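Source file: run12.pdb; contents: PDB, C-alpha atoms.
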```pdb
ATOM      1  CA  MET A 273     -11.636 158.883 110.119
ATOM      2  CA  GLN A 274     -14.525 159.259 107.656
ATOM      3  CA  ALA A 275     -14.851 155.497 107.326
ATOM      4  CA  LEU A 276     -14.677 155.064 111.102
ATOM      5  CA  TYR A 277     -17.408 157.624 111.736
ATOM      6  CA  ALA A 278     -19.601 156.094 109.015
ATOM      7  CA  ILE A 279     -19.347 152.639 110.587
ATOM      8  CA  TYR A 280     -19.932 154.056 114.074
ATOM      9  CA  ASP A 281     -23.096 155.692 112.683
ATOM     10  CA  ASN A 282     -24.344 152.289 111.432
ATOM     11  CA  CYS A 283     -24.102 153.086 107.706
ATOM     12  CA  ASN A 284     -25.703 150.551 105.342
ATOM     13  CA  SER A 285     -22.937 150.702 102.751
ATOM     14  CA  LEU A 286     -19.379 152.026 102.754
ATOM     15  CA  HIS A 287     -16.839 152.629 100.008
ATOM     16  CA  THR A 288     -13.334 153.916 100.738
ATOM     17  CA  ASN A 289     -11.775 155.638  97.726
ATOM     18  CA  ALA A 290      -8.291 154.853  96.478
ATOM     19  CA  TYR A 291      -6.041 157.888  96.810
ATOM     20  CA  ASP A 292      -5.464 158.119  93.028
ATOM     21  CA  GLU A 293      -9.069 157.440  92.025
ATOM     22  CA  ALA A 294      -9.840 161.064  91.147
ATOM     23  CA  ILE A 295      -7.129 161.337  88.503
ATOM     24  CA  THR A 296      -6.626 157.856  87.056
ATOM     25  CA  THR A 297      -7.641 154.222  87.146
ATOM     26  CA  PRO A 298      -6.670 153.081  90.649
ATOM     27  CA  THR A 299      -3.556 150.963  90.941
ATOM     28  CA  GLU A 300      -3.475 147.666  92.811
ATOM     29  CA  GLU A 301      -1.372 149.252  95.562
ATOM     30  CA  SER A 302      -3.825 152.110  96.150
ATOM     31  CA  VAL A 303      -6.866 149.791  96.069
ATOM     32  CA  ARG A 304      -5.265 147.436  98.588
ATOM     33  CA  ARG A 305      -4.629 150.406 100.863
ATOM     34  CA  ALA A 306      -8.238 151.587 100.520
ATOM     35  CA  MET A 307      -9.543 148.092 101.299
ATOM     36  CA  ALA A 308      -7.164 147.810 104.245
ATOM     37  CA  ILE A 309      -8.896 150.790 105.869
ATOM     38  CA  GLN A 310     -12.171 148.866 106.083
ATOM     39  CA  LEU A 311     -10.434 145.642 107.116
ATOM     40  CA  ILE A 312      -8.546 147.380 109.921
ATOM     41  CA  ILE A 313     -11.764 148.905 111.262
ATOM     42  CA  ASN A 314     -13.794 145.681 111.023
ATOM     43  CA  ARG A 315     -11.198 143.014 111.810
ATOM     44  CA  GLU A 316      -8.367 144.668 113.754
ATOM     45  CA  LEU A 317      -9.485 147.774 115.632
ATOM     46  CA  GLY A 318     -12.332 146.100 117.525
ATOM     47  CA  THR A 319     -14.451 149.150 118.305
ATOM     48  CA  ALA A 320     -16.915 148.388 115.494
ATOM     49  CA  LYS A 321     -17.863 145.142 117.259
ATOM     50  CA  ASN A 322     -19.597 147.183 119.952
ATOM     51  CA  GLU A 323     -22.844 149.118 119.710
ATOM     52  CA  ASN A 324     -22.259 152.869 120.106
ATOM     53  CA  PRO A 325     -18.569 152.845 121.082
ATOM     54  CA  ASN A 326     -18.400 156.633 121.442
ATOM     55  CA  GLN A 327     -18.096 158.784 124.553
ATOM     56  CA  GLY A 328     -20.224 157.692 127.510
ATOM     57  CA  SER A 329     -20.829 154.173 126.192
ATOM     58  CA  PHE A 330     -20.319 151.032 128.272
ATOM     59  CA  PHE A 331     -17.517 150.024 125.914
ATOM     60  CA  LEU A 332     -15.464 153.186 126.430
ATOM     61  CA  GLU A 333     -16.139 153.400 130.161
ATOM     62  CA  GLU A 334     -15.169 149.737 130.648
ATOM     63  CA  LEU A 335     -11.932 150.185 128.678
ATOM     64  CA  THR A 336     -11.112 153.297 130.713
ATOM     65  CA  ASP A 337     -11.666 151.421 133.988
ATOM     66  CA  LEU A 338      -9.525 148.483 132.808
ATOM     67  CA  VAL A 339      -6.671 150.780 131.765
ATOM     68  CA  GLU A 340      -6.818 152.708 135.043
ATOM     69  CA  GLU A 341      -6.767 149.456 137.017
ATOM     70  CA  ALA A 342      -3.796 148.114 135.030
ATOM     71  CA  VAL A 343      -1.876 151.379 135.456
ATOM     72  CA  MET A 344      -2.439 151.427 139.216
ATOM     73  CA  LEU A 345      -1.305 147.798 139.516
ATOM     74  CA  GLU A 346       1.880 148.667 137.629
ATOM     75  CA  PHE A 347       2.484 151.710 139.837
ATOM     76  CA  ASN A 348       2.100 149.471 142.906
ATOM     77  CA  ARG A 349       4.598 146.937 141.512
ATOM     78  CA  ILE A 350       7.122 149.720 140.906
ATOM     79  CA  THR A 351       6.544 151.149 144.408
ATOM     80  CA  GLU A 352       7.096 147.714 145.958
ATOM     81  CA  ARG A 353      10.526 147.615 144.269
ATOM     82  CA  GLY A 354      11.656 150.950 145.648
ATOM     83  CA  GLY A 355      10.218 153.308 143.066
ATOM     84  CA  VAL A 356      11.481 153.974 139.551
ATOM     85  CA  LEU A 357      15.188 153.907 140.427
ATOM     86  CA  GLY A 358      14.824 150.815 142.600
ATOM     87  CA  SER A 359      12.964 149.041 139.811
ATOM     88  CA  MET A 360      15.653 150.033 137.306
ATOM     89  CA  GLU A 361      18.338 148.572 139.577
ATOM     90  CA  ARG A 362      16.384 145.306 139.608
ATOM     91  CA  MET A 363      15.893 145.443 135.811
ATOM     92  CA  TYR A 364      12.118 145.356 136.348
ATOM     93  CA  GLN A 365      11.139 147.727 133.533
ATOM     94  CA  ARG A 366      13.459 146.086 131.013
ATOM     95  CA  ASN A 367      12.251 142.596 131.858
ATOM     96  CA  LYS A 368       8.619 143.735 131.740
ATOM     97  CA  ILE A 369       9.121 145.214 128.270
ATOM     98  CA  ARG A 370      10.711 141.957 127.088
ATOM     99  CA  GLU A 371       7.863 139.856 128.479
ATOM    100  CA  GLU A 372       5.179 142.062 126.934
ATOM    101  CA  SER A 373       7.019 142.125 123.600
ATOM    102  CA  LEU A 374       7.258 138.329 123.557
ATOM    103  CA  TYR A 375       3.551 138.035 124.398
ATOM    104  CA  TYR A 376       2.599 140.526 121.667
ATOM    105  CA  GLU A 377       4.783 138.794 119.056
ATOM    106  CA  SER A 378       3.370 135.374 119.979
ATOM    107  CA  LEU A 379      -0.187 136.646 119.413
ATOM    108  CA  LYS A 380       0.868 138.023 116.028
ATOM    109  CA  HIS A 381       2.551 134.735 115.131
ATOM    110  CA  THR A 382      -0.456 132.564 116.010
ATOM    111  CA  GLY A 383      -2.919 134.989 114.399
ATOM    112  CA  GLU A 384      -4.866 135.518 117.633
ATOM    113  CA  TYR A 385      -4.149 139.215 117.208
ATOM    114  CA  PRO A 386      -4.879 139.976 113.545
ATOM    115  CA  ILE A 387      -2.889 142.759 111.890
ATOM    116  CA  ILE A 388      -4.027 143.529 108.364
ATOM    117  CA  GLY A 389      -1.261 143.036 105.831
ATOM    118  CA  VAL A 390       1.108 141.549 108.411
ATOM    119  CA  ASN A 391      -0.379 138.226 109.531
ATOM    120  CA  THR A 392      -3.713 138.276 107.692
ATOM    121  CA  PHE A 393      -4.953 139.487 104.282
ATOM    122  CA  LEU A 394      -1.379 139.412 103.050
ATOM    123  CA  ASN A 395      -0.166 140.808  99.783
ATOM    124  CA  LYS A 396       0.542 138.111  97.182
ATOM    125  CA  ASN A 397       4.213 138.990  97.709
ATOM    126  CA  GLY A 398       3.881 138.429 101.448
ATOM    127  CA  SER A 399       4.408 141.478 103.623
ATOM    128  CA  PRO A 400       7.328 143.285 102.022
ATOM    129  CA  THR A 401       9.065 146.079 103.894
ATOM    130  CA  ILE A 402       8.675 149.357 102.025
ATOM    131  CA  ILE A 403      11.929 151.313 102.038
ATOM    132  CA  PRO A 404      11.446 155.083 101.596
ATOM    133  CA  ALA A 405      13.089 156.387  98.457
ATOM    134  CA  GLU A 406      14.496 159.392 100.284
ATOM    135  CA  VAL A 407      15.310 160.147 103.882
ATOM    136  CA  ILE A 408      14.306 163.742 104.570
ATOM    137  CA  ARG A 409      16.876 165.656 106.597
ATOM    138  CA  SER A 410      16.974 169.235 107.803
ATOM    139  CA  THR A 411      18.857 171.640 105.579
ATOM    140  CA  THR A 412      21.733 173.745 106.854
ATOM    141  CA  GLU A 413      19.478 176.810 106.706
ATOM    142  CA  GLU A 414      16.804 175.092 108.840
ATOM    143  CA  LYS A 415      19.406 174.028 111.413
ATOM    144  CA  GLU A 416      20.853 177.538 111.579
ATOM    145  CA  PHE A 417      17.370 179.006 111.966
ATOM    146  CA  GLN A 418      16.675 176.791 114.986
ATOM    147  CA  ILE A 419      20.015 177.706 116.562
ATOM    148  CA  HIS A 420      19.363 181.431 116.096
ATOM    149  CA  ALA A 421      15.809 181.023 117.442
ATOM    150  CA  GLY A 422      17.190 179.336 120.564
ATOM    151  CA  ASP A 423      19.774 182.093 121.070
ATOM    152  CA  ALA A 424      17.084 184.754 120.633
ATOM    153  CA  PHE A 425      14.852 183.001 123.192
ATOM    154  CA  LYS A 426      17.715 182.955 125.715
ATOM    155  CA  ALA A 427      18.435 186.635 125.102
ATOM    156  CA  ARG A 428      14.786 187.647 125.596
ATOM    157  CA  HIS A 429      14.586 185.913 128.966
ATOM    158  CA  ALA A 430      18.136 186.457 130.215
ATOM    159  CA  ASP A 431      16.864 188.532 133.143
ATOM    160  CA  LYS A 432      14.590 185.764 134.480
ATOM    161  CA  SER A 433      16.122 182.458 133.370
ATOM    162  CA  ALA A 434      18.693 182.252 136.187
ATOM    163  CA  MET A 435      16.026 182.841 138.831
ATOM    164  CA  MET A 436      13.682 180.246 137.291
ATOM    165  CA  LEU A 437      16.465 177.660 137.098
ATOM    166  CA  LYS A 438      17.314 178.299 140.742
ATOM    167  CA  ARG A 439      13.659 177.754 141.699
ATOM    168  CA  LEU A 440      13.646 174.492 139.747
ATOM    169  CA  GLN A 441      16.810 173.262 141.461
ATOM    170  CA  GLU A 442      15.401 174.077 144.893
ATOM    171  CA  ALA A 443      12.185 172.225 144.079
ATOM    172  CA  ALA A 444      14.234 169.181 143.028
ATOM    173  CA  ILE A 445      16.296 169.302 146.230
ATOM    174  CA  ARG A 446      13.139 169.532 148.371
ATOM    175  CA  ASN A 447      11.563 166.642 146.408
ATOM    176  CA  GLU A 448       8.611 168.800 145.361
ATOM    177  CA  ASN A 449       6.387 168.389 142.299
ATOM    178  CA  LEU A 450       8.854 169.116 139.475
ATOM    179  CA  PHE A 451       6.190 168.981 136.784
ATOM    180  CA  ALA A 452       4.355 171.987 138.213
ATOM    181  CA  GLU A 453       7.613 173.931 138.461
ATOM    182  CA  LEU A 454       8.679 172.925 134.946
ATOM    183  CA  MET A 455       5.453 174.358 133.515
ATOM    184  CA  GLU A 456       6.718 177.779 134.585
ATOM    185  CA  THR A 457      10.418 177.197 133.884
ATOM    186  CA  VAL A 458       9.900 176.349 130.197
ATOM    187  CA  LYS A 459       8.444 179.821 129.647
ATOM    188  CA  TYR A 460      11.884 181.341 130.241
ATOM    189  CA  CYS A 461      14.471 178.565 129.767
ATOM    190  CA  THR A 462      15.464 176.148 127.007
ATOM    191  CA  LEU A 463      15.535 172.374 127.386
ATOM    192  CA  GLY A 464      19.339 172.475 127.455
ATOM    193  CA  GLN A 465      19.400 175.005 130.287
ATOM    194  CA  ILE A 466      16.863 172.994 132.292
ATOM    195  CA  THR A 467      18.720 169.717 131.747
ATOM    196  CA  HIS A 468      22.068 171.132 132.868
ATOM    197  CA  ALA A 469      20.453 172.781 135.914
ATOM    198  CA  LEU A 470      18.966 169.460 137.025
ATOM    199  CA  TYR A 471      22.260 167.653 136.372
ATOM    200  CA  GLU A 472      23.965 170.072 138.777
ATOM    201  CA  VAL A 473      21.735 169.037 141.692
ATOM    202  CA  GLY A 474      20.898 165.440 140.815
ATOM    203  CA  GLY A 475      23.691 164.172 138.622
ATOM    204  CA  LYS A 476      23.202 161.808 135.700
ATOM    205  CA  TYR A 477      21.739 158.366 136.310
ATOM    206  CA  ARG A 478      24.068 155.474 135.556
ATOM    207  CA  ARG A 479      22.836 151.919 135.873
ATOM    208  CA  ASN A 480      24.910 149.629 138.092
ATOM    209  CA  MET A 481      26.359 146.672 136.189
TER     210      MET A 481
END
```
Show this structure as structure tokens.
Amino acid sequence: MQALYAIYDNCNSLHTNAYDEAITTPTEESVRRAMAIQLIINRELGTAKNENPNQGSFFLEELTDLVEEAVMLEFNRITERGGVLGSMERMYQRNKIREESLYYESLKHTGEYPIIGVNTFLNKNGSPTIIPAEVIRSTTEEKEFQIHAGDAFKARHADKSAMMLKRLQEAAIRNENLFAELMETVKYCTLGQITHALYEVGGKYRRNM
């Protein structure tokens, strides 16, 4: 973020420190990471290619308009196919994801879309996958704490949860704005309670084969 703001502010010179620079001679790995920050900003991100890309600029307003237009076009395509469920029956979303993924991967493969360390400015060893030395998992104590916290939440709101769930179910049956109702329901009910309540009135979606 510091490097990004410096470049946005038209700095004359920029140095990004290696993360171990304060305590030792930087290693090759840490220096490559520090250099990658500048390369990502200048070669990959794209915002530095525009004058004043911050709020209110032509650049940001144009991107916002383009995104809004693309979103509305996608909404219209889904509506034309019978809404979300109708589109799912026709495999529209899945096919769209596949097409976009293929397009994205083809740009990476040709280098038209540069990604630092992946298809450009590669490490001398290529682009090796870094496997974490340890997978961090929740301890038994942390799991128990969350379970007890959930039980305590249910107990505190036991007098109102049933009423709020009933309101949510009625809103779903009447095809009202569920999001607005959910904003109130989550104050008194857990995700599990809400999910089961909606299953009771709407069932669980299963794709036709």
- Item | Residue IDs satisfying the PyMOL selection byres ((chain A and resi 472) around 12), as a ChimeraX atom specification | /A:437-438,440-442,444-445,465-471,473-476
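Listed by chain and then by number, the residues chosen by the PyMOL selection byres ((chain A and resi 325) around 12) in this file are Leu276, Tyr277, Ile279, Tyr280, Asp281, Asn282, Leu317, Gly318, Thr319, Ala320, Lys321, Asn322, Glu323, Asn324, Asn326, Gln327, Gly328, Ser329, Phe330, Phe331, Leu332, Glu333, Glu334 and Leu335 of chain A.
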- Quote the spacing between atom CA of Glu352 of chain A and atom CA of Thr336 of chain A in Å to one decimal place. 24.4 Å
Listed atoms of segment 452-455 of chain A, axis-aligned box, 6 Å per side: centre and edge lengths to one decimal in Å, as AutoDock Vina command-line options?
```
--center_x 6.5 --center_y 173.2 --center_z 136.0 --size_x 16.3 --size_y 14.4 --size_z 16.9
```
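Residues matching the PyMOL selection byres ((chain A and resi 350) around 12) in this structure come to A:Val343, A:Met344, A:Leu345, A:Glu346, A:Phe347, A:Asn348, A:Arg349, A:Thr351, A:Glu352, A:Arg353, A:Gly354, A:Gly355, A:Val356, A:Leu357, A:Gly358, A:Ser359, A:Met360, A:Glu361, A:Arg362, A:Met363, A:Tyr364, A:Gln365, A:Lys368.
Atom CA of Leu450 of chain A is positioned 18.3 Å from atom CA of Lys432 of chain A.
Rounded to one decimal, atom CA of Asp431 of chain A and atom CA of Gly464 of chain A lie 17.2 Å from each other.
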